[in-house]
$ cat target-v9.txt   # compact mmCIF, C-alpha atoms
# COMPACT_ATOMS: atom_id res chain seq x y z
CA MET A 1 -6.41 42.34 -12.14
CA LYS A 2 -9.89 42.84 -10.67
CA SER A 3 -11.10 44.74 -7.62
CA LYS A 4 -14.55 44.47 -6.09
CA ASN A 5 -13.93 47.22 -3.51
CA LYS A 6 -12.89 50.24 -5.57
CA GLY A 7 -9.23 49.29 -5.69
CA ASP A 8 -8.53 48.57 -2.02
CA ASN A 9 -7.75 44.95 -2.93
CA TRP A 10 -6.89 43.32 -6.24
CA LYS A 11 -7.04 39.77 -7.55
CA ALA A 12 -5.34 38.41 -10.66
CA ILE A 13 -7.91 37.08 -13.15
CA SER A 14 -5.54 36.20 -16.01
CA ASN A 15 -2.08 35.15 -16.98
CA ASP A 16 -0.15 37.38 -19.39
CA LEU A 17 -2.60 38.26 -22.19
CA THR A 18 0.13 39.71 -24.41
CA LYS A 19 2.89 38.05 -26.43
CA GLY A 20 5.29 38.96 -23.62
CA GLU A 21 7.74 41.78 -23.01
CA ARG A 22 9.72 42.98 -26.04
CA LYS A 23 12.54 45.43 -26.38
CA GLY A 24 11.94 48.80 -28.02
CA ASN A 25 11.58 52.51 -27.39
CA VAL A 26 7.83 52.09 -26.90
CA ALA A 27 6.47 49.60 -24.37
CA TYR A 28 5.72 46.13 -25.71
CA GLY A 29 3.72 43.44 -23.98
CA THR A 30 1.23 45.82 -22.34
CA ILE A 31 -2.56 45.72 -22.06
CA THR A 32 -3.74 48.90 -23.78
CA THR A 33 -7.53 48.53 -23.75
CA ILE A 34 -10.21 46.66 -21.81
CA SER A 35 -13.99 46.51 -22.22
CA GLU A 36 -16.73 44.74 -20.28
CA SER A 37 -20.07 43.73 -21.72
CA ASN A 38 -23.15 45.62 -20.55
CA PHE A 39 -25.17 42.44 -20.99
CA LYS A 40 -23.39 40.22 -18.48
CA GLU A 41 -20.80 40.80 -15.78
CA GLY A 42 -17.60 38.92 -16.49
CA ILE A 43 -17.63 39.10 -20.29
CA LEU A 44 -14.37 40.99 -20.78
CA TYR A 45 -12.21 41.85 -23.77
CA THR A 46 -8.59 43.01 -23.61
CA GLY A 47 -6.24 44.30 -26.29
CA SER A 48 -2.48 44.68 -26.16
CA ASP A 49 0.19 46.81 -27.81
CA ASP A 50 1.57 43.71 -29.55
CA GLY A 51 -1.60 42.67 -31.35
CA GLU A 52 -3.33 40.27 -28.97
CA ILE A 53 -7.07 40.42 -28.26
CA ALA A 54 -8.42 38.14 -25.54
CA LEU A 55 -11.92 37.29 -24.31
CA THR A 56 -13.28 35.77 -21.15
CA LYS A 57 -16.96 35.00 -20.65
CA ASN A 58 -16.61 33.92 -17.00
CA ASN A 59 -14.74 36.66 -15.11
CA GLY A 60 -11.30 35.41 -16.07
CA LYS A 61 -11.62 31.71 -15.26
CA LYS A 62 -10.88 30.93 -18.93
CA TRP A 63 -9.47 33.24 -21.60
CA SER A 64 -9.43 32.80 -25.38
CA LYS A 65 -7.23 34.64 -27.90
CA ILE A 66 -9.55 36.00 -30.58
CA SER A 67 -7.10 37.95 -32.77
CA THR A 68 -5.69 35.10 -34.87
CA ASN A 69 -7.61 36.23 -37.99
CA LEU A 70 -6.51 39.87 -37.70
CA PRO A 71 -3.32 41.57 -38.97
CA LYS A 72 -0.39 40.62 -36.74
CA ASN A 73 1.66 42.59 -34.20
CA LEU A 74 -0.26 45.88 -34.45
CA TRP A 75 -1.14 48.03 -31.46
CA VAL A 76 -4.73 47.27 -30.38
CA SER A 77 -5.80 50.86 -29.86
CA ARG A 78 -9.33 49.93 -28.79
CA VAL A 79 -11.60 46.97 -28.22
CA ILE A 80 -15.25 47.76 -27.46
CA ALA A 81 -18.03 45.41 -26.39
CA SER A 82 -21.25 46.45 -28.12
CA LYS A 83 -24.03 48.04 -26.10
CA HIS A 84 -26.60 46.76 -28.61
CA LEU A 85 -25.80 43.08 -29.16
CA LYS A 86 -24.21 40.72 -26.63
CA SER A 87 -21.99 38.89 -29.15
CA ARG A 88 -20.84 42.01 -31.05
CA VAL A 89 -17.41 43.54 -30.52
CA TYR A 90 -15.39 46.20 -32.34
CA THR A 91 -11.65 46.68 -32.52
CA THR A 92 -9.24 49.19 -34.00
CA LEU A 93 -5.57 48.50 -34.68
CA ASN A 94 -2.76 50.99 -35.15
CA GLY A 95 0.39 50.35 -37.19
CA TYR A 96 2.21 53.65 -36.60
CA ARG A 97 5.10 51.78 -34.95
CA TYR A 98 5.95 50.32 -38.38
CA ASP A 99 5.17 53.48 -40.40
CA ASP A 100 1.93 51.76 -41.42
CA PHE A 101 -0.87 54.32 -41.46
CA LYS A 102 -3.59 52.19 -43.04
CA PRO A 103 -6.92 52.25 -41.16
CA TYR A 104 -7.65 48.99 -39.35
CA VAL A 105 -11.27 48.80 -38.13
CA TYR A 106 -13.14 45.53 -37.53
CA ILE A 107 -16.47 44.24 -36.27
CA SER A 108 -17.35 40.77 -35.03
CA GLU A 109 -20.88 39.52 -34.47
CA ASP A 110 -19.75 36.26 -32.83
CA TYR A 111 -17.47 37.21 -29.89
CA GLY A 112 -14.42 37.55 -32.16
CA VAL A 113 -14.59 34.13 -33.80
CA SER A 114 -14.73 35.91 -37.17
CA TRP A 115 -14.00 39.54 -38.02
CA LYS A 116 -15.20 41.82 -40.81
CA ASN A 117 -13.08 44.73 -42.03
CA ILE A 118 -15.16 47.93 -41.91
CA SER A 119 -12.45 50.46 -42.84
CA ASN A 120 -13.88 50.70 -46.40
CA ASN A 121 -13.53 54.29 -47.70
CA LEU A 122 -11.39 55.66 -44.84
CA PRO A 123 -8.21 57.56 -45.78
CA ASP A 124 -4.80 56.34 -44.61
CA PHE A 125 -4.76 57.66 -41.04
CA SER A 126 -3.89 55.68 -37.91
CA ILE A 127 -6.98 54.78 -35.88
CA ASN A 128 -7.07 55.51 -32.14
CA VAL A 129 -10.64 54.85 -30.99
CA ILE A 130 -14.07 53.59 -32.05
CA LYS A 131 -17.35 54.25 -30.25
CA GLU A 132 -20.91 53.07 -30.83
CA ASP A 133 -23.80 55.49 -30.58
CA LEU A 134 -25.84 54.82 -27.43
CA ASN A 135 -29.22 54.87 -29.19
CA ASP A 136 -28.62 53.79 -32.80
CA GLU A 137 -26.51 50.68 -33.42
CA ASN A 138 -25.81 51.78 -37.00
CA ILE A 139 -23.98 54.96 -35.97
CA LEU A 140 -20.26 54.63 -35.23
CA TYR A 141 -17.69 57.30 -34.37
CA LEU A 142 -14.02 56.88 -35.20
CA GLY A 143 -11.07 58.89 -33.89
CA THR A 144 -8.02 59.01 -36.16
CA ASP A 145 -4.70 60.86 -36.15
CA ASN A 146 -6.34 63.35 -38.53
CA GLY A 147 -9.81 64.03 -37.21
CA LEU A 148 -13.14 62.40 -36.44
CA PHE A 149 -15.21 60.23 -38.78
CA ILE A 150 -18.79 58.98 -38.58
CA SER A 151 -20.67 56.07 -40.13
CA PHE A 152 -24.46 55.82 -40.34
CA ASN A 153 -24.44 52.22 -41.61
CA LYS A 154 -22.29 50.29 -39.12
CA GLY A 155 -19.03 50.95 -40.97
CA GLU A 156 -20.11 50.27 -44.55
CA SER A 157 -19.08 53.85 -45.38
CA TRP A 158 -17.52 56.74 -43.45
CA SER A 159 -17.74 60.55 -43.61
CA ASN A 160 -15.71 63.36 -42.08
CA PHE A 161 -17.30 64.65 -38.89
CA GLU A 162 -16.20 68.25 -38.90
CA ASN A 163 -18.79 70.58 -37.32
CA GLY A 164 -16.04 72.96 -36.18
CA LEU A 165 -13.54 70.27 -35.15
CA PRO A 166 -10.14 70.81 -36.83
CA LYS A 167 -8.04 68.00 -38.31
CA VAL A 168 -6.27 66.94 -35.11
CA ALA A 169 -5.54 63.58 -33.51
CA VAL A 170 -8.59 62.20 -31.69
CA HIS A 171 -7.60 59.90 -28.83
CA ASP A 172 -10.90 59.23 -27.07
CA ILE A 173 -14.65 59.58 -27.54
CA VAL A 174 -17.35 59.52 -24.87
CA ILE A 175 -21.10 59.95 -25.21
CA GLN A 176 -22.75 61.52 -22.17
CA PRO A 177 -25.81 59.30 -21.59
CA GLN A 178 -28.19 61.88 -20.07
CA THR A 179 -27.61 64.69 -22.57
CA ASN A 180 -26.36 62.57 -25.50
CA ASP A 181 -23.44 65.01 -25.94
CA LEU A 182 -20.51 63.69 -27.93
CA ILE A 183 -17.25 64.48 -26.09
CA VAL A 184 -14.08 64.21 -28.18
CA ALA A 185 -10.62 64.17 -26.55
CA THR A 186 -7.97 65.48 -28.90
CA HIS A 187 -4.22 65.92 -28.95
CA GLY A 188 -3.64 69.62 -29.14
CA ILE A 189 -7.00 71.33 -28.55
CA SER A 190 -8.20 69.54 -25.41
CA LEU A 191 -11.90 68.49 -25.35
CA TYR A 192 -14.56 69.18 -27.95
CA LYS A 193 -18.32 68.87 -27.29
CA THR A 194 -21.09 68.63 -29.84

$ encode --input "target-v9.txt" --output "structure tokens"
Amino acid sequence: MKSKNKGDNWKAISNDLTKGERKGNVAYGTITTISESNFKEGILYTGSDDGEIALTKNNGKKWSKISTNLPKNLWVSRVIASKHLKSRVYTTLNGYRYDDFKPYVYISEDYGVSWKNISNNLPDFSINVIKEDLNDENILYLGTDNGLFISFNKGESWSNFENGLPKVAVHDIVIQPQTNDLIVATHGISLYKT
């Protein structure tokens, strides 16, 4: 759905972008993440809790599934349109529903036509969120179920980002654009700022 008046009115801009409703104790067939390109209005990515990632380049007139080359049926915990390159997109997948705690982190340089695994040296923790640095395209932040990780080479290698942050689940990451503060939302200790 899309609103051009702050939510007073809504218009459908897609059909079901999931595999459809499924039975289970956790919702299936739900959009879990959405990201719009900073380069052009109407370039949108969505991710679902049943492993589908979709892209539209024209405000929803036509959608393409771009997750066919990724592991199947995993929760798309985040899809992020790059702020540095129009055709670049990141995604993280989460397999906790199947007791699969491998890290699933991917980058595409061609709107999701092909994906590159950038989980490399990460330990086996479920991934909840990925965020690009606002100023340096090589710096990535990654929130897992056991802390925060950072890469200085666009995911070729990862390091623990501790700096006083305990090993807790990180569910969201925001970079404040004016002050460049990194804000980390955790499960258990609220917000952390560095």

$ closest_atom_pairs --input "target-v9.txt" --of "segment 33-125 of chain A" --to "segment 152-172 of chain A" --cutoff "9 Å" --atoms "all atoms listed in the file" --output "tab-separated table"
residue	atom	partner	partner_atom	distance
A:Val105	CA	A:Gly155	CA	8.5
A:Tyr106	CA	A:Gly155	CA	8.7
A:Ile107	CA	A:Gly155	CA	8.6
A:Asn117	CA	A:Gly155	CA	8.7
A:Ile118	CA	A:Gly155	CA	5.0
A:Ser119	CA	A:Gly155	CA	6.9
A:Asn120	CA	A:Ser157	CA	6.2
A:Asn121	CA	A:Ser157	CA	6.0
A:Leu122	CA	A:Trp158	CA	6.4

$ residues_near_point --input "target-v9.txt" --point "(-17.6, 57.6, -31.0)" --cutoff "12 Å" --atoms "all atoms listed in the file" --output "CSV table (one decimal) with C-alpha atoms, keeping the file's coordinate frame"
chain,number,residue,atom,x,y,z
A,78,ARG,CA,-9.3,49.9,-28.8
A,80,ILE,CA,-15.2,47.8,-27.5
A,90,TYR,CA,-15.4,46.2,-32.3
A,128,ASN,CA,-7.1,55.5,-32.1
A,129,VAL,CA,-10.6,54.8,-31.0
A,130,ILE,CA,-14.1,53.6,-32.0
A,131,LYS,CA,-17.4,54.2,-30.2
A,132,GLU,CA,-20.9,53.1,-30.8
A,133,ASP,CA,-23.8,55.5,-30.6
A,134,LEU,CA,-25.8,54.8,-27.4
A,136,ASP,CA,-28.6,53.8,-32.8
A,137,GLU,CA,-26.5,50.7,-33.4
A,138,ASN,CA,-25.8,51.8,-37.0
A,139,ILE,CA,-24.0,55.0,-36.0
A,140,LEU,CA,-20.3,54.6,-35.2
A,141,TYR,CA,-17.7,57.3,-34.4
A,142,LEU,CA,-14.0,56.9,-35.2
A,143,GLY,CA,-11.1,58.9,-33.9
A,144,THR,CA,-8.0,59.0,-36.2
A,147,GLY,CA,-9.8,64.0,-37.2
A,148,LEU,CA,-13.1,62.4,-36.4
A,149,PHE,CA,-15.2,60.2,-38.8
A,150,ILE,CA,-18.8,59.0,-38.6
A,151,SER,CA,-20.7,56.1,-40.1
A,152,PHE,CA,-24.5,55.8,-40.3
A,154,LYS,CA,-22.3,50.3,-39.1
A,161,PHE,CA,-17.3,64.6,-38.9
A,170,VAL,CA,-8.6,62.2,-31.7
A,171,HIS,CA,-7.6,59.9,-28.8
A,172,ASP,CA,-10.9,59.2,-27.1
A,173,ILE,CA,-14.6,59.6,-27.5
A,174,VAL,CA,-17.4,59.5,-24.9
A,175,ILE,CA,-21.1,60.0,-25.2
A,176,GLN,CA,-22.8,61.5,-22.2
A,180,ASN,CA,-26.4,62.6,-25.5
A,181,ASP,CA,-23.4,65.0,-25.9
A,182,LEU,CA,-20.5,63.7,-27.9
A,183,ILE,CA,-17.2,64.5,-26.1
A,184,VAL,CA,-14.1,64.2,-28.2
A,185,ALA,CA,-10.6,64.2,-26.6
A,193,LYS,CA,-18.3,68.9,-27.3
A,194,THR,CA,-21.1,68.6,-29.8

$ closest_residue --input "target-v9.txt" --among "A:Phe39, A:Asp49, A:Ile34, A:Leu191" --to "Met1 of chain A" --atoms "only C-alpha atoms"
A:Ile34

$ atom_distance --input "target-v9.txt" --atom1 "atom CA of Ser77 of chain A" --atom2 "atom CA of Leu93 of chain A"
5.4 Å

$ closest_residue --input "target-v9.txt" --among "A:Thr32, A:Asn135, A:Thr18, A:Asn69" --to "Glu52 of chain A" --atoms "all atoms listed in the file"
A:Thr18

$ residues_around --input "target-v9.txt" --residues "Leu55 of chain A" --least-positions-apart "2" --cutoff "10 Å" --atoms "only C-alpha atoms" --output "JSON, numbers by chain"
{"A": [17, 34, 35, 36, 42, 43, 44, 45, 46, 47, 53, 57, 58, 59, 60, 62, 63, 64, 65, 66, 67, 111, 112]}

$ closest_residue --input "target-v9.txt" --among "A:Phe125, A:Trp75, A:Tyr96, A:Trp10" --to "Thr33 of chain A" --atoms "only C-alpha atoms"
A:Trp75

$ atom_distance --input "target-v9.txt" --atom1 "atom CA of Phe101 of chain A" --atom2 "atom CA of Asp16 of chain A"
27.8 Å

$ closest_residue --input "target-v9.txt" --among "A:Gly51, A:Asn38, A:Ile31, A:Lys23" --to "Lys83 of chain A" --atoms "only C-alpha atoms"
A:Asn38

$ atom_distance --input "target-v9.txt" --atom1 "atom CA of Pro71 of chain A" --atom2 "atom CA of Lys19 of chain A"
14.4 Å

$ axis_aligned_box --input "target-v9.txt" --around "segment 129-144 of chain A" --padding-each-side "4 Å" --output "JSON"
{"center_x": -18.6, "center_y": 54.8, "center_z": -32.2, "size_x": 29.2, "size_y": 16.3, "size_z": 17.6}

$ residues_around --input "target-v9.txt" --residues "Asp110 of chain A" --least-positions-apart "3" --cutoff "7 Å" --atoms "all atoms listed in the file" --output "list in words"
Ser87, Arg88, Val113 and Ser114 of chain A

$ closest_residue --input "target-v9.txt" --among "A:Asp124, A:Gly7, A:Asp50, A:Ser108" --to "Arg22 of chain A" --atoms "all atoms listed in the file"
A:Asp50

$ decode --input "target-v9.txt" --residues "segment 166-181 of chain A" --atoms "all heavy atoms" --output "short mmCIF file (atom, residue, chain, number, x, y, z; two decimals), in the first residue's frame"
data_model
loop_
_atom_site.label_atom_id
_atom_site.label_comp_id
_atom_site.auth_asym_id
_atom_site.auth_seq_id
_atom_site.Cartn_x
_atom_site.Cartn_y
_atom_site.Cartn_z
N PRO A 166 27.15 -4.94 25.20
CA PRO A 166 27.22 -6.36 25.55
C PRO A 166 26.70 -7.25 24.42
O PRO A 166 26.14 -6.77 23.43
CB PRO A 166 26.31 -6.45 26.79
CG PRO A 166 25.40 -5.30 26.69
CD PRO A 166 26.14 -4.21 25.96
N LYS A 167 26.88 -8.55 24.58
CA LYS A 167 26.44 -9.53 23.58
C LYS A 167 24.94 -9.75 23.74
O LYS A 167 24.51 -10.69 24.40
CB LYS A 167 27.19 -10.84 23.76
CG LYS A 167 28.67 -10.73 23.55
CD LYS A 167 28.97 -10.54 22.09
CE LYS A 167 30.45 -10.60 21.84
NZ LYS A 167 30.80 -10.30 20.50
N VAL A 168 24.15 -8.87 23.14
CA VAL A 168 22.70 -8.98 23.18
C VAL A 168 22.17 -8.95 21.75
O VAL A 168 22.89 -8.59 20.81
CB VAL A 168 22.06 -7.84 24.00
CG1 VAL A 168 22.43 -7.94 25.46
CG2 VAL A 168 22.46 -6.49 23.44
N ALA A 169 20.92 -9.32 21.58
CA ALA A 169 20.31 -9.29 20.25
C ALA A 169 20.15 -7.85 19.78
O ALA A 169 19.63 -7.00 20.50
CB ALA A 169 18.96 -9.99 20.28
N VAL A 170 20.62 -7.58 18.57
CA VAL A 170 20.49 -6.26 17.96
C VAL A 170 19.43 -6.36 16.88
O VAL A 170 19.56 -7.13 15.93
CB VAL A 170 21.84 -5.79 17.35
CG1 VAL A 170 21.66 -4.50 16.57
CG2 VAL A 170 22.87 -5.62 18.46
N HIS A 171 18.36 -5.57 17.03
CA HIS A 171 17.22 -5.67 16.12
C HIS A 171 17.13 -4.53 15.11
O HIS A 171 16.44 -4.67 14.10
CB HIS A 171 15.92 -5.76 16.91
CG HIS A 171 15.74 -7.08 17.59
ND1 HIS A 171 15.34 -8.21 16.93
CD2 HIS A 171 15.95 -7.46 18.88
CE1 HIS A 171 15.29 -9.21 17.77
NE2 HIS A 171 15.66 -8.79 18.95
N ASP A 172 17.78 -3.42 15.38
CA ASP A 172 17.75 -2.32 14.41
C ASP A 172 18.97 -1.43 14.61
O ASP A 172 19.55 -1.38 15.69
CB ASP A 172 16.47 -1.49 14.53
CG ASP A 172 16.09 -0.79 13.23
OD1 ASP A 172 16.83 -0.94 12.23
OD2 ASP A 172 15.06 -0.11 13.20
N ILE A 173 19.34 -0.75 13.51
CA ILE A 173 20.49 0.16 13.51
C ILE A 173 20.10 1.39 12.71
O ILE A 173 19.56 1.27 11.61
CB ILE A 173 21.73 -0.50 12.85
CG1 ILE A 173 22.12 -1.79 13.56
CG2 ILE A 173 22.89 0.48 12.80
CD1 ILE A 173 23.10 -2.65 12.79
N VAL A 174 20.37 2.55 13.27
CA VAL A 174 20.10 3.82 12.58
C VAL A 174 21.33 4.70 12.73
O VAL A 174 21.96 4.72 13.80
CB VAL A 174 18.87 4.55 13.17
CG1 VAL A 174 18.68 5.92 12.56
CG2 VAL A 174 17.61 3.71 12.99
N ILE A 175 21.67 5.41 11.68
CA ILE A 175 22.75 6.40 11.76
C ILE A 175 22.13 7.77 11.66
O ILE A 175 21.43 8.09 10.69
CB ILE A 175 23.79 6.18 10.64
CG1 ILE A 175 24.39 4.78 10.75
CG2 ILE A 175 24.88 7.25 10.71
CD1 ILE A 175 25.24 4.37 9.57
N GLN A 176 22.35 8.60 12.70
CA GLN A 176 21.79 9.94 12.72
C GLN A 176 22.59 10.81 11.75
O GLN A 176 23.81 10.97 11.92
CB GLN A 176 21.85 10.49 14.15
CG GLN A 176 20.80 11.50 14.50
CD GLN A 176 20.99 12.84 13.82
OE1 GLN A 176 22.09 13.21 13.44
NE2 GLN A 176 19.91 13.58 13.66
N PRO A 177 21.97 11.34 10.69
CA PRO A 177 22.74 11.97 9.62
C PRO A 177 23.47 13.26 10.01
O PRO A 177 24.55 13.52 9.48
CB PRO A 177 21.71 12.25 8.52
CG PRO A 177 20.38 12.03 9.11
CD PRO A 177 20.55 11.24 10.37
N GLN A 178 22.94 14.06 10.92
CA GLN A 178 23.60 15.31 11.28
C GLN A 178 24.83 15.08 12.17
O GLN A 178 25.87 15.70 12.00
CB GLN A 178 22.64 16.28 11.97
CG GLN A 178 21.68 16.98 11.03
CD GLN A 178 20.52 16.09 10.62
OE1 GLN A 178 20.04 15.28 11.41
NE2 GLN A 178 20.08 16.22 9.38
N THR A 179 24.68 14.18 13.15
CA THR A 179 25.77 13.96 14.11
C THR A 179 26.60 12.72 13.81
O THR A 179 27.62 12.49 14.42
CB THR A 179 25.19 13.81 15.53
OG1 THR A 179 24.32 12.66 15.54
CG2 THR A 179 24.41 15.05 15.95
N ASN A 180 26.11 11.88 12.88
CA ASN A 180 26.76 10.63 12.51
C ASN A 180 26.82 9.64 13.67
O ASN A 180 27.67 8.76 13.71
CB ASN A 180 28.16 10.88 11.95
CG ASN A 180 28.53 9.83 10.92
OD1 ASN A 180 27.69 9.33 10.18
ND2 ASN A 180 29.81 9.48 10.86
N ASP A 181 25.92 9.80 14.65
CA ASP A 181 25.84 8.85 15.77
C ASP A 181 25.25 7.53 15.27
O ASP A 181 24.31 7.52 14.47
CB ASP A 181 24.94 9.39 16.89
CG ASP A 181 25.58 10.52 17.66
OD1 ASP A 181 26.82 10.55 17.75
OD2 ASP A 181 24.84 11.38 18.16
#
